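J.: Please read through the structure below; I'll follow up with questions.
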Amino acid sequence: MQGPLIDSLARQGINRRTFLKYCTTLASMMALPPAAGRAMAEALAAAQAGAKRPSVIWLPFQECTGCTESITRSHSPSIEGMIFDMVSLDYHETLMAAAGHQAEAALHGAMKANAGKYLLIVDGSVPLGLDGAYSCIAGQSNLAALKEAAQGAAAIIALGSCAAYGGLPHAKPNPTGAVAVSDIVKDKPIVNIPGCPPIPVVITGVLAHFLTFGSLPELDKLGRPKAFYGETIHDRCYRRPFYDQGKFAKTFDDEGARNGWCLFELGCKGPVTYNACATVKWNDSTSWPVESGHGCLGCSEPDFWDAGDFYKALSMPASPLKTAAAATLAGAAAGVAVSFANRGKKGAAKAGHETATLSDLEK
Amino acid sequence: MSELQLLTWARGTGMDIAVAIFVLGVLWRLIEIYSLGRKKDLSAPRHAAGASGWHTIMRRSLPPPGMVQRSPVSYIGGYAFHIGLALVVFGFAPHIKLIEGLLCVSWPALPSQFVDFVAVVTMAAMVVVLADRINKPAKRYLSTLGDWFAWAVTFLPVLTGWMAVQHLLLPYTTMLALHILSVELLLVVLPFTKLFHAFTVFGSRWFNGQVNGHKGVPV
Amino acid sequence: MSLDDIPVRVVAPDPGLSGNAWPLMLEIVQMVRNLLESGETSAIDLSALPLTPADKAWLKDRLGGGQIHVELQAEGLSTLDETACPGVWWVTHHDAQGRVLSELIEIAQVPELVKAHPDDIRMGCEYLEGVVSELS
C-alpha cells in the first residue's frame, strides 16, 4: 500500500497497521470475507501519481443536520475521519470553509470536473410544495438542485430517513409536500441509509464499499444495505429472553424496567424495525436506546412518525378510535328502528289474523 | 405501501372501521332481539327445585350426563378450544394492552410461553373439531357455508398470531399486520353470523330456564 | 451374534458445543495445505460465524498454544498468537476500550499485520541515516 493517503494518515498518527486493522474490522462488520479487508485497505490507500481522490458532493436539503452530526461526532474519528480523507469532499455546507459565491463555485466546479464520476450524498427531504420554494439554496430549489446534481453522479446515497423516505417533513400533514430522493431520481443507483440519524459506521461501511469495489453493497427491497439492515432490532435484542417469557416493564423506572425487562408495553417498535443498533450500537458501542431503557422508535422505517404513538405497544391502536361513539349511536338507532318495524309486523300479523272455521277447512 | 404502512393502517383506520362495525352490529342485534319481548305467560307459576334461568345457565355449561362418552370430540374439543381462546385472548400481555387501549381496564398477564402452548392446543382442538365435522356424516350434512366460514374466521387469528410470535413464514411486520387484519375480519362478521352466540348464549339459556321453570320443569 | 450383543457406547456431547467448530478444523487443514503447496495465505473471520463461546474454546484448545505471542498497539490492543501448528495464527483485535472488534484465524508464515512494509522500512531508513550523519 502506498500513496499520499497513507502519508496524510501518518501525519494524523494513524499508521499503516492501524489502518489495516480498521479495514479488517469494517469488512467483518459488513459480512465481507477477511481478504476483502485487505483489498479495501489497498484500494482505499492506492492513489496513482496524478490521480485525484474520488469526488464526493454532499447536498443538504430539508434536514436538521443530524446526519452530519452523527458522522462527525463519532468518537473514534479515525474510522469516519479516515473515509473523508480518502475522498475529496468538494461540497458540504456545514463543514466547508467557503461561503456564498465561493461555495457555489466550488459546487459547480466539482460537478463539472468530475462529471459522471462523483458520489452524491443527499440528506434531508425534497419539498415539492409551492414549486419547491419551501427550501432553496442560493436561489435554487432543492428539487432543481437534486435533478441537476443527479445527472452527473455515479451513485447517490440518500442519507438519513428524510432523504430515504421523506422523514419528519413527510409526516402528517406534510405541509411542504416533502418526498424522498428516490421519488425524484429514477435513473441512477440509489442506496438508502435510513435512521434518524443513521449509525456512523453504516455510512462509513457503504462509502468504503463504494470506494473499494466501485459499486453499492447488496440492498434490500427498500434500498437499504442488507449488511446493516438485514435483521430487525427484535431479532438481535439482548432483552429478547424477557419478551419470550412475557416479562414486560409496565412503566419507566418500575421494578421490571430496573431489571432490564422487555420494553414492548412501553411502545418499543423493535419487532418491526430493521437496523443495526442492537449489534453495532451507538457512540462507539457504548449503548443504544433499549439498553438505556427506552423503546425503539423505529427510526429507520418509512413513515415511522405516523406509525402510532411512540409509547403505545404494537398491539394497541395506532390512533384514537374516531367512529366508536358514532357507531354506538348508529347501532342503537338501527336496533330501535328495526324493533319498531318488528312491532309493526307483529301488530299487523295480529290484526290480520283470521280465525279459521270448520267450513274454511272443508273448502 | 411498505410493510410498516400496512401495519399502521391495520392498527389505525382498519381497527377504527372494524370496531365501529362491531359495536354497531352488536348493539343493533341485541336491541333487535331483546325488544321483541315475549307474551306474558298468564298461567300460575309452578315451582320446582333447580328450575330457573340461573340454574339452566349453570347446568348447560356442563355436558349432559352420558354425552361426553357418546360425542367426546364435540365436547372435549369444544371445551378445549373455547377455554384456549379465552386464555390466549385475555391472558396474553399484548392483548391485555390492546384492551387497555380500548377500554382502560387491564389485569396481570399469563407467562408468554404458557400462552404459546395454549395457542397450539387451541389450534389442534379446532382442527380436530373440523375434521370431525367433515368425517361424521350427520355433522357434514348439517353444515352450511356459514359454519365453515365461522371456523375459518376464528382459526385465522390464532394461527397468524402464533406464527407472528414464532417468526414463521413471513417477516414479523407483515405477519402482525395479517394477524390484526384477520381479527378485524372476525370483528366485522361476528355480529352477523352464528358467532354472535358469544353475546346471546347466556341470555338464551336464561330465558329457556325461566320459561320452563314457570312451568315447573328444570331444563 | 445378535444385535443386542453389540455394545452401545453413548458419548455425551460437550455442553455448549453447537457442532459448528469441527468443520472449521477441516477448513484450516485445507488452508495449511495450500500454504505449503503454493504459499497462499488465507484467513477465517470468526466474528461472522455462528460459534458459541464453547465452540471457540474448543477450537482454541484443539489448535493449542505456540511459541510466539505478538502484541500490537494500534488504537487498542491486538494480539496475534501462533497456535501449536506453525503457520496458524489466532488474531484478536480490541478497540481502545478493550472491546473485541474482530477475531480471525490467519494461515500464513507471518500474519500480514506483523510484517514491516517496504515504505515504512524506507522511512525508518531515512531516520537512521539522519542519526548516523549527525553522529559522524
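How things are named: the first chain in the C-alpha cells is A, the next is B, and so on; residues count from 1 in each chain; ligands count from 1 in the order shown.
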Please determine the contact residues of chain C with respect to chain A at a cut-off of 12 Å, counting only C-alpha atoms, and supply them as a PyMOL selection string.
T.: chain C and resi 40-49+72-80+91-107+111-123
J.: Can you pull out the residues contacting A:Ala110? Cut-off 12 Å, using only C-alpha atoms, and skip same-chain residues under 5 positions away; I want them as a list in words.
T.: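 Answer for this query is Lys52, Pro54, Ser55, Val56, Ile57, Trp58, Ser88, Leu89, Asp90, Tyr91, His92, Ala103, Glu104, Ala105, Ala115, Gly116, Lys117, Tyr118, Leu119, Leu120, Ala149, Gly152 and Ala153 of chain A.
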J.: With C-alpha atoms retained, write the just-selected residues as a PDB file, in the first residue's frame.
T.:
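Resulting contents of selection_20.pdb:
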```pdb
ATOM      1  CA  LYS A  52      -7.355  12.509  -7.814  1.00  0.00           C
ATOM      2  CA  PRO A  54     -12.853  10.392  -5.719  1.00  0.00           C
ATOM      3  CA  SER A  55     -15.082  13.447  -5.527  1.00  0.00           C
ATOM      4  CA  VAL A  56     -17.970  13.498  -3.077  1.00  0.00           C
ATOM      5  CA  ILE A  57     -20.624  16.182  -3.130  1.00  0.00           C
ATOM      6  CA  TRP A  58     -22.916  16.467  -0.125  1.00  0.00           C
ATOM      7  CA  SER A  88     -12.346  14.754  -1.789  1.00  0.00           C
ATOM      8  CA  LEU A  89     -15.373  16.238  -0.070  1.00  0.00           C
ATOM      9  CA  ASP A  90     -15.871  19.032  -2.540  1.00  0.00           C
ATOM     10  CA  TYR A  91     -19.068  20.493  -1.124  1.00  0.00           C
ATOM     11  CA  HIS A  92     -20.510  20.304   2.378  1.00  0.00           C
ATOM     12  CA  ALA A 103     -19.150  27.810  -2.168  1.00  0.00           C
ATOM     13  CA  GLU A 104     -21.411  27.749  -5.202  1.00  0.00           C
ATOM     14  CA  ALA A 105     -18.392  27.979  -7.474  1.00  0.00           C
ATOM     15  CA  ALA A 115     -18.973  14.679 -14.343  1.00  0.00           C
ATOM     16  CA  GLY A 116     -20.267  11.120 -14.316  1.00  0.00           C
ATOM     17  CA  LYS A 117     -17.908  10.040 -11.551  1.00  0.00           C
ATOM     18  CA  TYR A 118     -18.773  11.839  -8.332  1.00  0.00           C
ATOM     19  CA  LEU A 119     -20.647  10.338  -5.449  1.00  0.00           C
ATOM     20  CA  LEU A 120     -23.663  12.424  -4.450  1.00  0.00           C
ATOM     21  CA  ALA A 149     -26.608  17.166  -9.366  1.00  0.00           C
ATOM     22  CA  GLY A 152     -23.530  13.780 -13.281  1.00  0.00           C
ATOM     23  CA  ALA A 153     -23.475  11.462 -10.283  1.00  0.00           C
TER      24      ALA A 153
END
```
J.: Near chain A, which residues of chain B fall within 9 Å when you count only C-alpha atoms, and what do they look like as a ChimeraX atom specification?
T.: /B:2-5,7-13,15-17,19-36,92-102,109-114,165,171-174,176,180
J.: Filtering to C-alpha atoms, could you give me those residues as an mmCIF file, in the first residue's frame?
T.:
```
data_model
loop_
_atom_site.group_PDB
_atom_site.id
_atom_site.type_symbol
_atom_site.label_atom_id
_atom_site.label_comp_id
_atom_site.auth_asym_id
_atom_site.auth_seq_id
_atom_site.Cartn_x
_atom_site.Cartn_y
_atom_site.Cartn_z
ATOM 1 C CA SER B 2 -44.494 -0.739 2.741
ATOM 2 C CA GLU B 3 -44.956 -3.418 5.386
ATOM 3 C CA LEU B 4 -44.966 -0.868 8.170
ATOM 4 C CA GLN B 5 -47.539 1.298 6.396
ATOM 5 C CA LEU B 7 -49.428 -2.467 9.757
ATOM 6 C CA THR B 8 -50.096 1.152 10.685
ATOM 7 C CA TRP B 9 -53.297 1.087 8.611
ATOM 8 C CA ALA B 10 -54.399 -2.144 10.260
ATOM 9 C CA ARG B 11 -53.726 -0.679 13.705
ATOM 10 C CA GLY B 12 -55.269 2.693 12.809
ATOM 11 C CA THR B 13 -58.024 3.111 10.230
ATOM 12 C CA MET B 15 -59.196 -1.001 13.647
ATOM 13 C CA ASP B 16 -61.422 2.073 13.708
ATOM 14 C CA ILE B 17 -63.682 0.650 10.991
ATOM 15 C CA VAL B 19 -64.558 -1.763 15.991
ATOM 16 C CA ALA B 20 -67.214 0.613 14.682
ATOM 17 C CA ILE B 21 -68.961 -2.094 12.665
ATOM 18 C CA PHE B 22 -68.640 -4.496 15.581
ATOM 19 C CA VAL B 23 -70.179 -2.085 18.098
ATOM 20 C CA LEU B 24 -72.884 -1.081 15.639
ATOM 21 C CA GLY B 25 -73.741 -4.677 14.829
ATOM 22 C CA VAL B 26 -73.766 -5.888 18.424
ATOM 23 C CA LEU B 27 -75.989 -3.086 19.660
ATOM 24 C CA TRP B 28 -78.339 -3.373 16.727
ATOM 25 C CA ARG B 29 -78.824 -7.100 17.107
ATOM 26 C CA LEU B 30 -79.079 -7.069 20.885
ATOM 27 C CA ILE B 31 -81.694 -4.340 20.820
ATOM 28 C CA GLU B 32 -83.492 -6.045 17.983
ATOM 29 C CA ILE B 33 -83.622 -9.370 19.792
ATOM 30 C CA TYR B 34 -84.499 -8.172 23.253
ATOM 31 C CA SER B 35 -87.019 -5.629 22.074
ATOM 32 C CA LEU B 36 -89.134 -8.390 20.599
ATOM 33 C CA PHE B 92 -51.503 -12.666 26.569
ATOM 34 C CA ALA B 93 -49.812 -9.415 27.591
ATOM 35 C CA PRO B 94 -50.003 -7.635 24.199
ATOM 36 C CA HIS B 95 -53.750 -8.401 24.023
ATOM 37 C CA ILE B 96 -54.271 -7.002 27.515
ATOM 38 C CA LYS B 97 -52.529 -3.842 26.331
ATOM 39 C CA LEU B 98 -54.959 -3.637 23.415
ATOM 40 C CA ILE B 99 -57.968 -3.944 25.705
ATOM 41 C CA GLU B 100 -56.402 -1.376 27.990
ATOM 42 C CA GLY B 101 -56.061 0.932 24.993
ATOM 43 C CA LEU B 102 -59.714 0.469 24.059
ATOM 44 C CA ALA B 109 -50.870 -11.372 32.162
ATOM 45 C CA LEU B 110 -50.054 -15.070 31.895
ATOM 46 C CA PRO B 111 -46.465 -16.144 31.114
ATOM 47 C CA SER B 112 -45.960 -15.855 27.351
ATOM 48 C CA GLN B 113 -44.574 -19.365 26.968
ATOM 49 C CA PHE B 114 -47.723 -20.787 28.593
ATOM 50 C CA VAL B 165 -44.737 -14.527 17.659
ATOM 51 C CA PRO B 171 -41.393 -11.143 8.276
ATOM 52 C CA TYR B 172 -42.855 -10.121 11.619
ATOM 53 C CA THR B 173 -44.238 -6.788 10.418
ATOM 54 C CA THR B 174 -46.294 -8.424 7.675
ATOM 55 C CA LEU B 176 -48.530 -8.952 12.595
ATOM 56 C CA ILE B 180 -54.586 -7.729 13.090
#
```
J.: Env of B:Arg205: 6 Å cut, atoms = only C-alpha atoms, seq-sep filter 3 positions within chain, self excluded. Answer as a JSON list (two decimals) with C-alpha atoms, in the first residue's frame.
T.:
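So the final result, stored in around-v8.json, reads:
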```json
[["chain", "number", "residue", "atom", "x", "y", "z"],
["B", 57, "ILE", "CA", -77.10, -21.34, 32.68],
["B", 202, "PHE", "CA", -76.30, -16.79, 28.33],
["B", 208, "ASN", "CA", -85.23, -21.15, 28.35]]
```
J.: What's the separation between atom CA of A:Phe61 and atom CA of A:Asn142, in Å to one decimal place?
T.: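 Distance between the two atoms: 6.1 Å.
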J.: What is the distance, in Å and to one decimal place, between atom CA of A:Val179 and atom CA of A:Ala158?
T.: 11.8 Å
J.: Env of C:Asn20: 8 Å cut, atoms = only C-alpha atoms, seq-sep filter 3 positions within chain, self excluded. Answer as a compact mmCIF listing (two decimals) with C-alpha atoms, in the first residue's frame.
T.:
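Output contents, as saved in around.txt:
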```txt
# COMPACT_ATOMS: atom_id res chain seq x y z
CA LEU C 17 -20.96 -27.00 21.63
CA PRO C 23 -15.88 -28.25 10.14
CA LEU C 24 -13.67 -25.23 10.69
CA PRO C 50 -22.35 -18.93 14.37
CA LEU C 51 -19.98 -20.10 17.07
CA ASP C 55 -17.08 -23.64 20.27
```
